[in-house]
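Everything on this sheet refers to the single structure shown next.
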Amino acid sequence: MNSQTITREELSRLFDHTNLKPNATDEDFKRLTDEAKQIHAAMVAINSAPVAYCHQLLKDTDIHVGAAIAFPLGQMTTASKLAEAKNAIDDGADEIDYVINVGDAIMHRYDAIRAEMEAMVELCHKHHKIIKVIFENCYLSKEEIKELALIAKAVKPDFIKTSTGFGTGGATVEDVRLMKETVGYEVGVKAAGGVRTWEQCANMIDAGATRIGTSSSFAILKGYDEAHQ
């Protein structure tokens with residue numbers, strides 16, 4: 001897939017249409033799901049509390065409900081992450097995006113990162129759910145990002161993801177390319193955090209991203225339309 005040949009419909013199906021704000025209300029989630037239906041997004045990305053509500057709103061569609069776990073900091077125990085993920089799955093989540101313990105990555109405690117990833121992947125795949133692993137690249141060196149991607153290549157979550165959007169930086173083309181080159185075609189790459197325009201989105205796609213986490217889906221589509229007039 002590349003930005004030169006992607007259709008509007010294919011672009012929409014890359015979007016994890018997002019509202020992870022702490023002050024979001026039922027009205028906001030109703031708007032989010034209505035917008036996801038309008039553009040036929042892949043998923044709505046939300047925190048775990050509103051999963052059941054959004055599941056009901058989307059139950060007659062093929063749009064997934066995605067729950068953010070240990071969000072946005074990641075510094076929870078593995079047991080807590082597993083419990084939150086299982087709760088979200090029970091409430092109707094189709095996809096799980098969880099944040100690693102970034103401190104462990106910085107301290108190069110890769111065995112702990114791998115053990116947690118294996119447990120989370122096992123839980124989600126046992127329930128036939130998609131799982132994405134959030135690295136939060138803004139705090140990591142390129143070598144640390146590569147090491148995490150190598151772990152993912154072995155453990156095989158469905159996606160690895162650049163960012164929460166709540167750190168000091170978001171997705172970069174360089175990081176997406178590094179992640180994709182490391183995992184190859186065995187694991188997908190999700191670009192998230194600061195992807196707000198068609199130009200940015202196109203660059204992420206060309207670097208290897210096959211999901212885009214964004215709250216700016218409509219702005220990106222508008223930019224796509226203007227570029228293809």
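Starting from 1 in every chain, residues are counted up; chains themselves are A, B, ... following the order of the structure tokens, and ligands are numbered from 1 as listed.
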For A:Asn87, find every residue with an atom within 12 Å (counting only C-alpha atoms), except residues of its own chain fewer than 6 positions away, and show them as a ChimeraX atom specification. /A:47-52,67-69,80-81,93-94,96,123-124
Tell me, as a VMD selection string, which residues lie within 12 Å of A:Cys138, counting only C-alpha atoms; anything in the same chain fewer than 3 positions away does not count. chain A and resid 102 106 134 to 135 141 to 142 144 to 145 161 to 172 174 to 175 192 to 193
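Nearest to A:His228 of all the residues A:Ile212, A:Ile89, A:Ile6, A:Ala42 is A:Ile6, counting only C-alpha atoms.
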Could you name the residues that touch stretch 219-224 of chain A at 6 Å or less, counting only C-alpha atoms, but leaving out those on the same chain fewer than 3 positions away, as a ChimeraX atom specification? /A:197-198,216,227
Would you export the selected residues with C-alpha atoms as a PDB file, in the first residue's frame, please?
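Wrote out-v4.pdb, looks like this:
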ATOM      1  CA  THR A 197      -2.924  16.228   7.828  1.00  0.00           C
ATOM      2  CA  TRP A 198      -3.069  14.209   4.624  1.00  0.00           C
ATOM      3  CA  SER A 216      -8.222  14.354  12.778  1.00  0.00           C
ATOM      4  CA  ALA A 227      -5.009  16.560  -3.386  1.00  0.00           C
TER       5      ALA A 227
END
Taking only stretch 120-193 of chain A into account, list the residues labelled alpha helix (DSSP H) by DSSP (computed from the backbone), as a PyMOL selection string. chain A and resi 120-126+142-155+173-183
Preceding selection exported with N, CA and C atoms as a CSV table (one decimal), in the first residue's frame:
chain,number,residue,atom,x,y,z
A,120,MET,N,0.0,-10.6,27.4
A,120,MET,CA,-1.0,-9.8,26.8
A,120,MET,C,-1.5,-10.3,25.4
A,121,VAL,N,-0.5,-10.8,24.6
A,121,VAL,CA,-0.8,-11.4,23.3
A,121,VAL,C,-1.6,-12.7,23.5
A,122,GLU,N,-1.2,-13.5,24.5
A,122,GLU,CA,-1.9,-14.7,24.8
A,122,GLU,C,-3.3,-14.5,25.1
A,123,LEU,N,-3.6,-13.5,26.0
A,123,LEU,CA,-4.9,-13.2,26.5
A,123,LEU,C,-5.8,-12.7,25.3
A,124,CYS,N,-5.3,-11.8,24.5
A,124,CYS,CA,-6.1,-11.3,23.4
A,124,CYS,C,-6.3,-12.3,22.3
A,125,HIS,N,-5.3,-13.0,21.9
A,125,HIS,CA,-5.5,-14.0,20.9
A,125,HIS,C,-6.3,-15.2,21.3
A,126,LYS,N,-6.3,-15.5,22.6
A,126,LYS,CA,-7.2,-16.5,23.1
A,126,LYS,C,-8.7,-16.1,22.9
A,142,LYS,N,16.9,5.1,19.3
A,142,LYS,CA,16.6,4.2,18.1
A,142,LYS,C,16.9,2.8,18.4
A,143,GLU,N,18.0,2.5,19.1
A,143,GLU,CA,18.4,1.1,19.4
A,143,GLU,C,17.3,0.5,20.3
A,144,GLU,N,16.8,1.2,21.3
A,144,GLU,CA,15.7,0.7,22.1
A,144,GLU,C,14.5,0.4,21.3
A,145,ILE,N,14.1,1.3,20.4
A,145,ILE,CA,12.9,1.0,19.6
A,145,ILE,C,13.1,-0.3,18.8
A,146,LYS,N,14.3,-0.4,18.2
A,146,LYS,CA,14.6,-1.6,17.4
A,146,LYS,C,14.6,-2.9,18.3
A,147,GLU,N,15.1,-2.8,19.5
A,147,GLU,CA,15.0,-4.0,20.4
A,147,GLU,C,13.6,-4.4,20.7
A,148,LEU,N,12.8,-3.4,21.0
A,148,LEU,CA,11.4,-3.7,21.3
A,148,LEU,C,10.7,-4.3,20.0
A,149,ALA,N,11.0,-3.8,18.9
A,149,ALA,CA,10.4,-4.3,17.7
A,149,ALA,C,10.9,-5.7,17.4
A,150,LEU,N,12.1,-6.1,17.8
A,150,LEU,CA,12.6,-7.4,17.6
A,150,LEU,C,11.9,-8.4,18.6
A,151,ILE,N,11.6,-7.9,19.8
A,151,ILE,CA,10.8,-8.7,20.7
A,151,ILE,C,9.4,-8.9,20.1
A,152,ALA,N,8.8,-7.9,19.5
A,152,ALA,CA,7.5,-8.0,18.9
A,152,ALA,C,7.5,-9.0,17.7
A,153,LYS,N,8.6,-8.9,17.0
A,153,LYS,CA,8.7,-9.8,15.8
A,153,LYS,C,8.6,-11.3,16.3
A,154,ALA,N,9.2,-11.6,17.4
A,154,ALA,CA,9.2,-12.9,18.0
A,154,ALA,C,7.9,-13.3,18.6
A,155,VAL,N,7.3,-12.3,19.4
A,155,VAL,CA,6.0,-12.6,20.1
A,155,VAL,C,4.8,-12.5,19.2
A,173,VAL,N,8.2,9.7,10.8
A,173,VAL,CA,8.4,8.9,9.6
A,173,VAL,C,9.6,8.0,9.9
A,174,GLU,N,10.6,8.5,10.5
A,174,GLU,CA,11.8,7.7,10.8
A,174,GLU,C,11.6,6.6,11.7
A,175,ASP,N,10.8,6.8,12.7
A,175,ASP,CA,10.4,5.7,13.6
A,175,ASP,C,9.6,4.6,13.0
A,176,VAL,N,8.6,5.1,12.2
A,176,VAL,CA,7.7,4.1,11.5
A,176,VAL,C,8.5,3.2,10.6
A,177,ARG,N,9.4,3.9,9.9
A,177,ARG,CA,10.2,3.1,8.9
A,177,ARG,C,11.1,2.1,9.7
A,178,LEU,N,11.7,2.5,10.8
A,178,LEU,CA,12.6,1.6,11.6
A,178,LEU,C,11.8,0.5,12.1
A,179,MET,N,10.6,0.7,12.6
A,179,MET,CA,9.8,-0.3,13.2
A,179,MET,C,9.4,-1.3,12.1
A,180,LYS,N,9.0,-0.8,11.0
A,180,LYS,CA,8.5,-1.7,9.9
A,180,LYS,C,9.7,-2.5,9.3
A,181,GLU,N,10.8,-1.9,9.1
A,181,GLU,CA,12.0,-2.6,8.6
A,181,GLU,C,12.4,-3.7,9.6
A,182,THR,N,12.1,-3.5,10.9
A,182,THR,CA,12.5,-4.5,11.9
A,182,THR,C,11.6,-5.7,11.9
A,183,VAL,N,10.3,-5.4,11.9
A,183,VAL,CA,9.3,-6.5,12.1
A,183,VAL,C,8.9,-7.1,10.7
DSSP on the backbone: which residues in stretch 8-212 of chain A end up as strand (DSSP E)? Give the answer as a PyMOL selection string. chain A and resi 15-18+43-47+64-69+95-99+130-134+159-161+188-192+211-212
Can you pull out every residue within 10 Å of stretch 30-32 of chain A, counting only C-alpha atoms, but drop anything in the same chain fewer than 2 positions away, and send it as a list in words?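 In the requested format, the answer is His17, Thr18, Asn19, Thr25, Asp26, Glu27, Asp28, Asp34, Glu35, Ala36, Lys37, Gln38, Val44, Ala45, Ile46, Tyr53, Cys54, Leu57, Leu58 and Ser215 of chain A.
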Written selection (C-alpha atoms) as a PDB file, in the first residue's frame:
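Final output, selection32.pdb:
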ATOM      1  CA  HIS A  17     -10.799   7.292  14.994  1.00  0.00           C
ATOM      2  CA  THR A  18      -9.824   8.576  18.412  1.00  0.00           C
ATOM      3  CA  ASN A  19     -11.137  10.256  21.530  1.00  0.00           C
ATOM      4  CA  THR A  25     -18.760  12.347  27.848  1.00  0.00           C
ATOM      5  CA  ASP A  26     -21.402  10.019  26.423  1.00  0.00           C
ATOM      6  CA  GLU A  27     -22.303  12.782  23.981  1.00  0.00           C
ATOM      7  CA  ASP A  28     -18.706  12.856  22.757  1.00  0.00           C
ATOM      8  CA  ASP A  34     -21.414   8.451  14.386  1.00  0.00           C
ATOM      9  CA  GLU A  35     -18.345   9.933  12.695  1.00  0.00           C
ATOM     10  CA  ALA A  36     -16.719   6.499  12.474  1.00  0.00           C
ATOM     11  CA  LYS A  37     -19.835   5.187  10.745  1.00  0.00           C
ATOM     12  CA  GLN A  38     -19.873   8.165   8.384  1.00  0.00           C
ATOM     13  CA  VAL A  44     -12.886   3.877  17.506  1.00  0.00           C
ATOM     14  CA  ALA A  45     -10.019   4.302  19.971  1.00  0.00           C
ATOM     15  CA  ILE A  46     -11.218   5.042  23.504  1.00  0.00           C
ATOM     16  CA  TYR A  53     -21.400   2.040  25.580  1.00  0.00           C
ATOM     17  CA  CYS A  54     -19.531   2.300  22.284  1.00  0.00           C
ATOM     18  CA  LEU A  57     -23.564   2.026  19.468  1.00  0.00           C
ATOM     19  CA  LEU A  58     -21.523   0.038  16.919  1.00  0.00           C
ATOM     20  CA  SER A 215      -8.575  12.443  16.065  1.00  0.00           C
TER      21      SER A 215
END
Out of A:His64, A:Gly213, A:Gln200, A:Pro157, which residue has the shortest atom-to-atom distance to A:Val187 when counting only C-alpha atoms?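 Checking each candidate against A:Val187, we get A:Pro157 as the closest.
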Got a sec: who's within 7 Å of A:Asp206, counting only C-alpha atoms, leaving out chain neighbours fewer than 3 positions off, as a PyMOL selection string? chain A and resi 2-3+202-203
Please determine, counting only C-alpha atoms, which residue among A:Leu14, A:Ala112, A:Ala79, A:Ala41 has the shortest atom-to-atom distance to A:Thr61.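 For A:Thr61, the nearest of the candidates is A:Ala41.
Atom CA of A:Tyr139 to atom CA of A:Ser217 spans 26.1 Å [interatomic distance, one decimal].
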Could you check the closest approach to A:Asp62 for each of A:Thr33, A:Gln75, A:Ala85, A:His127 and tell me which residue wins, using only C-alpha atoms?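 Looking only at the distances to A:Asp62, the closest residue turns out to be A:Thr33.
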Could you jot down the atom CA of A:Glu84 to atom CA of A:Arg211 separation for me, Å, one decimal place?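 Computing it gives 23.0 Å between the two atoms.
Across the structure, atom CA of A:Glu226 and atom CA of A:Ile39 are spaced 16.5 Å apart.
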